[in-house]
$ cat work-v8.txt   # compact mmCIF, C-alpha atoms
# COMPACT_ATOMS: atom_id res chain seq x y z
CA MET A 1 160.41 49.88 196.78
CA GLU A 2 157.08 51.66 196.37
CA LEU A 3 157.69 55.31 195.58
CA LYS A 4 155.43 57.82 197.34
CA PHE A 5 157.20 61.14 196.82
CA SER A 6 159.00 60.63 193.52
CA LYS A 7 158.65 58.90 190.17
CA VAL A 8 161.30 57.08 188.14
CA GLU A 9 161.23 56.47 184.40
CA ARG A 10 163.95 54.97 182.24
CA LYS A 11 164.51 55.79 178.59
CA GLY A 12 167.30 53.56 177.40
CA PRO A 13 170.40 54.54 179.42
CA ILE A 14 168.71 57.69 180.81
CA THR A 15 166.95 57.71 184.19
CA ILE A 16 164.34 60.45 184.76
CA ILE A 17 163.67 61.19 188.43
CA THR A 18 160.65 63.38 189.18
CA LEU A 19 160.21 65.01 192.58
CA SER A 20 156.51 64.45 193.14
CA ARG A 21 154.87 66.49 195.90
CA PRO A 22 153.13 69.04 193.67
CA GLU A 23 150.67 70.03 196.39
CA VAL A 24 153.59 71.72 198.22
CA TYR A 25 155.58 72.79 195.14
CA ASN A 26 157.65 69.60 195.46
CA ALA A 27 159.09 70.69 198.81
CA LEU A 28 160.78 67.78 200.56
CA HIS A 29 160.53 66.30 204.02
CA THR A 30 162.40 63.50 205.81
CA ASP A 31 160.56 60.58 204.22
CA ALA A 32 161.11 62.06 200.75
CA HIS A 33 164.83 62.47 201.42
CA PHE A 34 165.22 58.82 202.41
CA GLU A 35 163.19 57.68 199.42
CA LEU A 36 165.34 59.72 197.04
CA GLN A 37 168.49 58.36 198.69
CA LYS A 38 167.41 54.88 197.55
CA VAL A 39 166.43 56.17 194.09
CA PHE A 40 169.86 57.70 193.50
CA ASP A 41 171.59 54.66 195.02
CA ASP A 42 169.80 52.48 192.48
CA PHE A 43 170.77 54.79 189.60
CA ALA A 44 174.41 54.90 190.65
CA ALA A 45 174.59 51.10 190.96
CA ASP A 46 172.84 50.24 187.68
CA PRO A 47 175.43 49.68 184.91
CA ALA A 48 172.73 50.08 182.24
CA GLN A 49 171.92 53.63 183.36
CA TRP A 50 174.43 56.26 182.23
CA VAL A 51 172.79 59.67 182.82
CA ALA A 52 170.11 60.93 185.23
CA ILE A 53 167.70 63.85 184.90
CA VAL A 54 166.01 65.40 187.95
CA THR A 55 162.85 67.45 187.50
CA GLY A 56 159.70 68.42 189.40
CA ALA A 57 156.09 67.35 189.00
CA GLY A 58 153.72 69.93 187.52
CA ASP A 59 154.50 73.15 185.69
CA LYS A 60 155.07 75.52 188.62
CA ALA A 61 157.95 74.13 190.63
CA PHE A 62 161.15 72.17 190.39
CA CYS A 63 161.43 72.10 194.18
CA ALA A 64 160.53 74.70 196.80
CA GLY A 65 163.17 73.30 199.14
CA ASN A 66 162.62 72.19 202.72
CA ASP A 67 158.97 71.63 203.67
CA LEU A 68 158.78 74.37 206.31
CA LYS A 69 155.13 73.68 207.12
CA TRP A 70 156.01 70.08 207.88
CA GLN A 71 158.85 71.29 210.10
CA ALA A 72 156.70 73.91 211.84
CA ALA A 73 154.08 71.26 212.59
CA GLY A 74 156.69 69.23 214.46
CA GLY A 75 157.70 66.93 211.64
CA LYS A 76 161.09 65.32 212.14
CA ARG A 77 164.02 66.60 210.07
CA GLY A 78 166.97 64.76 208.60
CA TRP A 79 168.28 62.83 205.62
CA ASP A 80 170.61 59.98 204.75
CA LYS A 81 174.31 60.19 203.83
CA GLY A 82 173.48 61.48 200.32
CA GLY A 83 172.18 64.73 201.78
CA PHE A 84 169.15 66.79 200.77
CA ALA A 85 167.11 64.78 198.22
CA GLY A 86 169.74 62.05 198.48
CA LEU A 87 171.94 64.18 196.24
CA THR A 88 173.57 67.29 197.76
CA ALA A 89 176.20 65.28 199.70
CA ARG A 90 176.60 62.53 197.10
CA PHE A 91 180.22 62.92 196.03
CA ASP A 92 180.86 59.38 194.81
CA CYS A 93 178.61 59.28 191.73
CA ASP A 94 180.61 59.82 188.56
CA LYS A 95 177.61 59.51 186.25
CA PRO A 96 176.28 62.84 184.92
CA ILE A 97 173.15 64.27 186.54
CA ILE A 98 171.12 67.00 184.85
CA ALA A 99 168.58 69.30 186.53
CA ALA A 100 165.53 70.12 184.38
CA VAL A 101 164.23 73.15 186.29
CA ASN A 102 160.62 73.70 185.31
CA GLY A 103 159.63 76.42 187.79
CA VAL A 104 160.73 77.67 191.19
CA ALA A 105 163.96 76.28 192.64
CA MET A 106 164.16 77.72 196.12
CA GLY A 107 166.50 76.96 199.01
CA GLY A 108 167.10 73.24 199.05
CA GLY A 109 165.56 73.03 195.59
CA PHE A 110 168.25 75.35 194.25
CA GLU A 111 170.84 73.32 196.15
CA ILE A 112 169.64 70.17 194.37
CA ALA A 113 170.11 71.90 191.02
CA LEU A 114 173.56 73.20 192.00
CA ALA A 115 174.57 69.64 192.94
CA CYS A 116 173.79 68.52 189.37
CA ASP A 117 176.35 68.72 186.58
CA LEU A 118 174.13 70.67 184.18
CA ILE A 119 171.06 72.88 184.66
CA ILE A 120 168.48 73.32 181.93
CA ALA A 121 165.88 75.91 182.94
CA SER A 122 162.53 76.88 181.50
CA GLU A 123 161.79 80.58 181.01
CA ASN A 124 159.57 80.61 184.10
CA ALA A 125 162.28 79.17 186.37
CA THR A 126 163.29 81.19 189.42
CA PHE A 127 166.28 80.54 191.68
CA ALA A 128 167.06 81.74 195.19
CA LEU A 129 168.66 80.85 198.51
CA PRO A 130 166.05 82.58 200.71
CA GLU A 131 166.97 80.80 203.97
CA PRO A 132 168.04 84.02 205.80
CA ARG A 133 164.49 85.34 205.43
CA VAL A 134 163.26 82.53 207.71
CA GLY A 135 166.23 82.45 210.09
CA LEU A 136 168.08 79.62 208.35
CA ALA A 137 171.15 79.22 206.12
CA ALA A 138 171.70 77.21 202.94
CA LEU A 139 173.76 74.47 204.54
CA ALA A 140 172.91 71.72 202.03
CA GLY A 141 175.74 72.87 199.80
CA GLY A 142 174.41 76.15 198.44
CA LEU A 143 176.79 78.37 200.42
CA HIS A 144 179.75 76.42 199.03
CA ARG A 145 178.67 75.48 195.52
CA LEU A 146 177.32 78.85 194.38
CA PRO A 147 180.56 80.81 195.03
CA ARG A 148 182.54 78.09 193.31
CA GLN A 149 180.27 78.13 190.29
CA ILE A 150 179.73 81.86 189.71
CA GLY A 151 182.43 83.61 191.76
CA LEU A 152 182.45 85.13 195.24
CA LYS A 153 180.98 88.59 194.65
CA ARG A 154 178.11 87.38 192.46
CA ALA A 155 177.29 84.62 194.94
CA MET A 156 177.42 87.03 197.89
CA GLY A 157 175.01 89.28 196.01
CA MET A 158 172.48 86.48 195.83
CA ILE A 159 173.07 84.91 199.24
CA LEU A 160 173.17 88.02 201.44
CA THR A 161 170.08 89.58 199.85
CA ALA A 162 168.19 86.28 199.44
CA ARG A 163 166.91 87.72 196.18
CA HIS A 164 165.15 85.78 193.44
CA VAL A 165 166.98 85.36 190.12
CA SER A 166 165.24 84.75 186.79
CA ALA A 167 166.20 82.06 184.29
CA LYS A 168 167.65 84.72 182.00
CA GLU A 169 169.87 86.19 184.71
CA SER A 170 170.83 82.69 185.88
CA PHE A 171 172.16 81.96 182.41
CA GLU A 172 174.08 85.24 182.41
CA LEU A 173 175.52 84.47 185.86
CA GLY A 174 176.70 81.14 184.50
CA PHE A 175 175.04 78.48 186.61
CA VAL A 176 172.40 77.61 183.99
CA ASN A 177 173.54 75.91 180.76
CA GLU A 178 170.47 76.67 178.65
CA VAL A 179 167.13 78.46 178.94
CA VAL A 180 164.24 76.86 177.04
CA PRO A 181 160.58 77.84 176.55
CA GLN A 182 158.18 77.21 179.41
CA GLY A 183 157.15 73.57 179.52
CA GLU A 184 160.24 72.34 177.69
CA ALA A 185 162.76 71.91 180.51
CA LEU A 186 162.55 68.12 180.49
CA ALA A 187 162.73 67.96 176.69
CA GLY A 188 165.78 70.21 176.78
CA ALA A 189 167.43 68.07 179.45
CA LEU A 190 166.72 64.93 177.45
CA ARG A 191 168.39 66.51 174.43
CA TRP A 192 171.53 67.15 176.48
CA ALA A 193 171.38 63.66 177.99
CA GLU A 194 171.14 62.08 174.56
CA MET A 195 174.19 64.04 173.40
CA ILE A 196 176.09 62.74 176.43
CA THR A 197 175.10 59.12 175.73
CA LYS A 198 176.69 59.33 172.28
CA ASN A 199 180.02 59.32 174.13
CA SER A 200 181.67 56.48 176.00
CA PRO A 201 180.20 56.32 179.52
CA MET A 202 183.62 55.26 180.76
CA SER A 203 185.13 58.45 179.33
CA ILE A 204 182.32 60.57 180.75
CA ARG A 205 182.77 59.14 184.24
CA ALA A 206 186.53 59.54 184.05
CA SER A 207 186.06 63.15 182.94
CA LYS A 208 183.60 64.02 185.72
CA GLN A 209 185.73 62.39 188.40
CA THR A 210 188.89 64.07 187.13
CA ILE A 211 187.24 67.51 187.15
CA ARG A 212 185.82 67.02 190.64
CA LYS A 213 189.04 65.70 192.17
CA GLY A 214 191.22 68.15 190.27
CA LEU A 215 189.34 71.20 191.52
CA ALA A 216 190.13 70.19 195.10
CA VAL A 217 193.90 70.44 194.59
CA SER A 218 196.41 72.58 192.68
CA LEU A 219 196.58 72.38 188.90
CA GLU A 220 200.05 70.82 189.12
CA GLN A 221 198.91 68.13 191.55
CA ALA A 222 195.78 67.41 189.52
CA ILE A 223 197.75 66.77 186.34
CA GLU A 224 200.31 64.66 188.18
CA GLU A 225 197.70 62.47 189.89
CA GLN A 226 194.88 62.19 187.32
CA ARG A 227 196.00 58.86 185.84
CA GLU A 228 195.68 57.31 189.29
CA TYR A 229 192.03 58.29 189.69
CA PRO A 230 189.83 55.16 189.83
CA ALA A 231 187.52 56.19 186.98
CA VAL A 232 190.50 57.02 184.75
CA LYS A 233 192.05 53.62 185.48
CA ALA A 234 188.70 51.95 184.74
CA MET A 235 188.45 53.81 181.43
CA VAL A 236 191.93 52.75 180.32
CA ALA A 237 191.16 49.11 181.20
CA SER A 238 187.74 49.12 179.50
CA GLN A 239 186.44 47.63 176.26
CA ASP A 240 185.31 51.14 175.29
CA TYR A 241 188.95 52.28 175.36
CA ILE A 242 189.62 49.79 172.55
CA GLU A 243 186.32 50.26 170.74
CA GLY A 244 186.59 54.03 170.31
CA PRO A 245 189.79 54.18 168.22
CA LYS A 246 188.74 51.01 166.35
CA ALA A 247 185.37 52.50 165.36
CA PHE A 248 187.08 55.72 164.30
CA SER A 249 189.55 53.89 162.08
CA GLU A 250 186.74 51.80 160.56
CA LYS A 251 184.62 54.94 159.99
CA ARG A 252 181.60 53.64 161.88
CA PRO A 253 179.67 54.65 165.02
CA PRO A 254 181.18 53.15 168.17
CA ASN A 255 179.32 50.46 170.09
CA TRP A 256 179.77 51.56 173.68
CA VAL A 257 179.27 48.91 176.36
CA GLY A 258 180.22 50.94 179.43
CA LYS A 259 182.81 48.52 180.75
$ encode --input "work-v8.txt" --output "structure tokens"
Amino acid sequence: MELKFSKVERKGPITIITLSRPEVYNALHTDAHFELQKVFDDFAADPAQWVAIVTGAGDKAFCAGNDLKWQAAGGKRGWDKGGFAGLTARFDCDKPIIAAVNGVAMGGGFEIALACDLIIASENATFALPEPRVGLAALAGGLHRLPRQIGLKRAMGMILTARHVSAKESFELGFVNEVVPQGEALAGALRWAEMITKNSPMSIRASKQTIRKGLAVSLEQAIEEQREYPAVKAMVASQDYIEGPKAFSEKRPPNWVGK
């Protein structure tokens, strides 16, 4: 598929997905959503790709959210089953996804970042859910993910005021993992991705799936049911499950195969 609104680069087992509409601060419209749906489908289905990084083209914006000018001009709205950017409603991908936020992350752009497992932000990054200022609401996951990630009162403080939050405050609030110098968001995200790929991808997927499923039920139920989760069963049946202890006993680096 020819990509018009995004770029994809692969570095070993790491896929880098760049939102590429810099002329509108990487705001997204319908065609971009459907393109990104296919991009993330391909990543999820590729056994050679273990971690994804999402970033924005240019040095000003990660993603400014929904392309309101496109909408105001009569452009059609909508996205595929994966949600905004093909990501915000994607609940079946157990591979880690990292947001490298290199500028503004507004509305849907912030919701993309919140849908990722880690957020690495440059010092010039700014986050907000400003939808109420234009008569909308953050219904691509922001109203649900933010309270879960930083607590109800802190989330209400951001959502009801629609205020902008700096990278520094975002780290203090707890939804950003690391703040790096301006221009180094992608490099920082790659560093985290490389640390992840030192581990068994089967273990990583089992861990992500267990966390996600476990948070939806009681602690007691989560512990009782975790060994029945598909990714946990796949881990236990994998070659990596044998290779890890063997490499440890032989005092050598493990050779992960991801199956």
$ residues_around --input "work-v8.txt" --residues "Gly86 in chain A" --least-positions-apart "5" --cutoff "8 Å" --atoms "all atoms listed in the file" --output "list in words"
His33, Phe34, Glu35, Leu36, Gln37, Lys38, Phe40, Trp79, Asp80 and Lys81 of chain A
$ atom_distance --input "work-v8.txt" --atom1 "CA of Arg21 in chain A" --atom2 "CA of Gly107 in chain A"
16.0 Å
$ atom_distance --input "work-v8.txt" --atom1 "CA of Tyr241 in chain A" --atom2 "CA of Val51 in chain A"
19.3 Å
$ residues_around --input "work-v8.txt" --residues "Lys95 in chain A" --least-positions-apart "2" --cutoff "7 Å" --atoms "only C-alpha atoms" --output "list in words"
Trp50, Val51, Cys93, Ile97 and Arg205 of chain A
$ atom_distance --input "work-v8.txt" --atom1 "CA of Cys116 in chain A" --atom2 "CA of Lys213 in chain A"
15.8 Å
$ closest_residue --input "work-v8.txt" --among "A:Ala189, A:Val104, A:Ala231, A:Ala155" --to "Pro201 in chain A" --atoms "all atoms listed in the file"
A:Ala231
$ closest_residue --input "work-v8.txt" --among "A:Ala73, A:Met202, A:Ala121, A:Ala237" --to "Ala61 in chain A" --atoms "only C-alpha atoms"
A:Ala121
$ residues_around --input "work-v8.txt" --residues "Lys69 in chain A" --least-positions-apart "4" --cutoff "12 Å" --atoms "all atoms listed in the file" --output "JSON, numbers by chain"
{"A": [24, 27, 28, 29, 64, 65, 73, 74, 75, 76, 77]}
$ write_last_selection --input "work-v8.txt" --atoms "C-alpha atoms" --output "compact mmCIF listing (two decimals), keeping the file's coordinate frame"
# COMPACT_ATOMS: atom_id res chain seq x y z
CA VAL A 24 153.59 71.72 198.22
CA ALA A 27 159.09 70.69 198.81
CA LEU A 28 160.78 67.78 200.56
CA HIS A 29 160.53 66.30 204.02
CA ALA A 64 160.53 74.70 196.80
CA GLY A 65 163.17 73.30 199.14
CA ALA A 73 154.08 71.26 212.59
CA GLY A 74 156.69 69.23 214.46
CA GLY A 75 157.70 66.93 211.64
CA LYS A 76 161.09 65.32 212.14
CA ARG A 77 164.02 66.60 210.07
$ decode --input "work-v8.txt" --residues "range 29-55 of chain A" --atoms "N, CA and C atoms" --output "mmCIF file, in the first residue's frame"
data_model
loop_
_atom_site.group_PDB
_atom_site.id
_atom_site.type_symbol
_atom_site.label_atom_id
_atom_site.label_comp_id
_atom_site.auth_asym_id
_atom_site.auth_seq_id
_atom_site.Cartn_x
_atom_site.Cartn_y
_atom_site.Cartn_z
ATOM 1 N N HIS A 29 -7.353 13.087 9.311
ATOM 2 C CA HIS A 29 -8.692 13.041 8.734
ATOM 3 C C HIS A 29 -9.026 11.586 8.391
ATOM 4 N N THR A 30 -10.184 11.365 7.787
ATOM 5 C CA THR A 30 -10.672 10.008 7.552
ATOM 6 C C THR A 30 -9.683 9.142 6.784
ATOM 7 N N ASP A 31 -9.154 9.657 5.682
ATOM 8 C CA ASP A 31 -8.239 8.850 4.870
ATOM 9 C C ASP A 31 -6.987 8.468 5.657
ATOM 10 N N ALA A 32 -6.512 9.368 6.510
ATOM 11 C CA ALA A 32 -5.341 9.068 7.337
ATOM 12 C C ALA A 32 -5.670 7.971 8.347
ATOM 13 N N HIS A 33 -6.858 8.028 8.928
ATOM 14 C CA HIS A 33 -7.250 6.999 9.901
ATOM 15 C C HIS A 33 -7.251 5.608 9.256
ATOM 16 N N PHE A 34 -7.823 5.505 8.065
ATOM 17 C CA PHE A 34 -7.896 4.204 7.406
ATOM 18 C C PHE A 34 -6.507 3.728 6.969
ATOM 19 N N GLU A 35 -5.657 4.653 6.574
ATOM 20 C CA GLU A 35 -4.285 4.272 6.233
ATOM 21 C C GLU A 35 -3.549 3.737 7.460
ATOM 22 N N LEU A 36 -3.692 4.423 8.575
ATOM 23 C CA LEU A 36 -3.009 4.004 9.801
ATOM 24 C C LEU A 36 -3.581 2.704 10.345
ATOM 25 N N GLN A 37 -4.858 2.456 10.102
ATOM 26 C CA GLN A 37 -5.439 1.162 10.477
ATOM 27 C C GLN A 37 -4.643 0.036 9.818
ATOM 28 N N LYS A 38 -4.372 0.182 8.525
ATOM 29 C CA LYS A 38 -3.616 -0.847 7.797
ATOM 30 C C LYS A 38 -2.177 -0.922 8.300
ATOM 31 N N VAL A 39 -1.579 0.221 8.595
ATOM 32 C CA VAL A 39 -0.200 0.249 9.100
ATOM 33 C C VAL A 39 -0.085 -0.532 10.412
ATOM 34 N N PHE A 40 -1.008 -0.285 11.329
ATOM 35 C CA PHE A 40 -0.957 -0.987 12.617
ATOM 36 C C PHE A 40 -1.372 -2.451 12.474
ATOM 37 N N ASP A 41 -2.280 -2.747 11.547
ATOM 38 C CA ASP A 41 -2.612 -4.149 11.267
ATOM 39 C C ASP A 41 -1.362 -4.908 10.828
ATOM 40 N N ASP A 42 -0.600 -4.289 9.926
ATOM 41 C CA ASP A 42 0.615 -4.931 9.417
ATOM 42 C C ASP A 42 1.633 -5.148 10.537
ATOM 43 N N PHE A 43 1.798 -4.147 11.401
ATOM 44 C CA PHE A 43 2.718 -4.291 12.530
ATOM 45 C C PHE A 43 2.282 -5.434 13.443
ATOM 46 N N ALA A 44 1.018 -5.466 13.793
ATOM 47 C CA ALA A 44 0.513 -6.479 14.713
ATOM 48 C C ALA A 44 0.676 -7.885 14.145
ATOM 49 N N ALA A 45 0.559 -8.019 12.829
ATOM 50 C CA ALA A 45 0.594 -9.340 12.199
ATOM 51 C C ALA A 45 2.000 -9.813 11.850
ATOM 52 N N ASP A 46 2.994 -8.940 11.918
ATOM 53 C CA ASP A 46 4.352 -9.291 11.499
ATOM 54 C C ASP A 46 5.131 -9.895 12.663
ATOM 55 N N PRO A 47 5.446 -11.190 12.624
ATOM 56 C CA PRO A 47 6.151 -11.820 13.746
ATOM 57 C C PRO A 47 7.567 -11.298 13.947
ATOM 58 N N ALA A 48 8.133 -10.654 12.937
ATOM 59 C CA ALA A 48 9.498 -10.128 13.049
ATOM 60 C C ALA A 48 9.542 -8.766 13.726
ATOM 61 N N GLN A 49 8.379 -8.143 13.906
ATOM 62 C CA GLN A 49 8.319 -6.813 14.523
ATOM 63 C C GLN A 49 7.772 -6.942 15.937
ATOM 64 N N TRP A 50 8.551 -6.477 16.921
ATOM 65 C CA TRP A 50 8.237 -6.711 18.326
ATOM 66 C C TRP A 50 7.754 -5.466 19.054
ATOM 67 N N VAL A 51 8.196 -4.283 18.633
ATOM 68 C CA VAL A 51 7.847 -3.030 19.313
ATOM 69 C C VAL A 51 7.576 -1.969 18.248
ATOM 70 N N ALA A 52 6.602 -1.095 18.494
ATOM 71 C CA ALA A 52 6.336 0.023 17.589
ATOM 72 C C ALA A 52 6.545 1.343 18.308
ATOM 73 N N ILE A 53 6.991 2.338 17.547
ATOM 74 C CA ILE A 53 7.107 3.714 18.024
ATOM 75 C C ILE A 53 6.248 4.583 17.120
ATOM 76 N N VAL A 54 5.443 5.460 17.718
ATOM 77 C CA VAL A 54 4.638 6.410 16.950
ATOM 78 C C VAL A 54 5.163 7.808 17.227
ATOM 79 N N THR A 55 5.415 8.573 16.175
ATOM 80 C CA THR A 55 5.876 9.949 16.336
ATOM 81 C C THR A 55 5.255 10.814 15.247
#
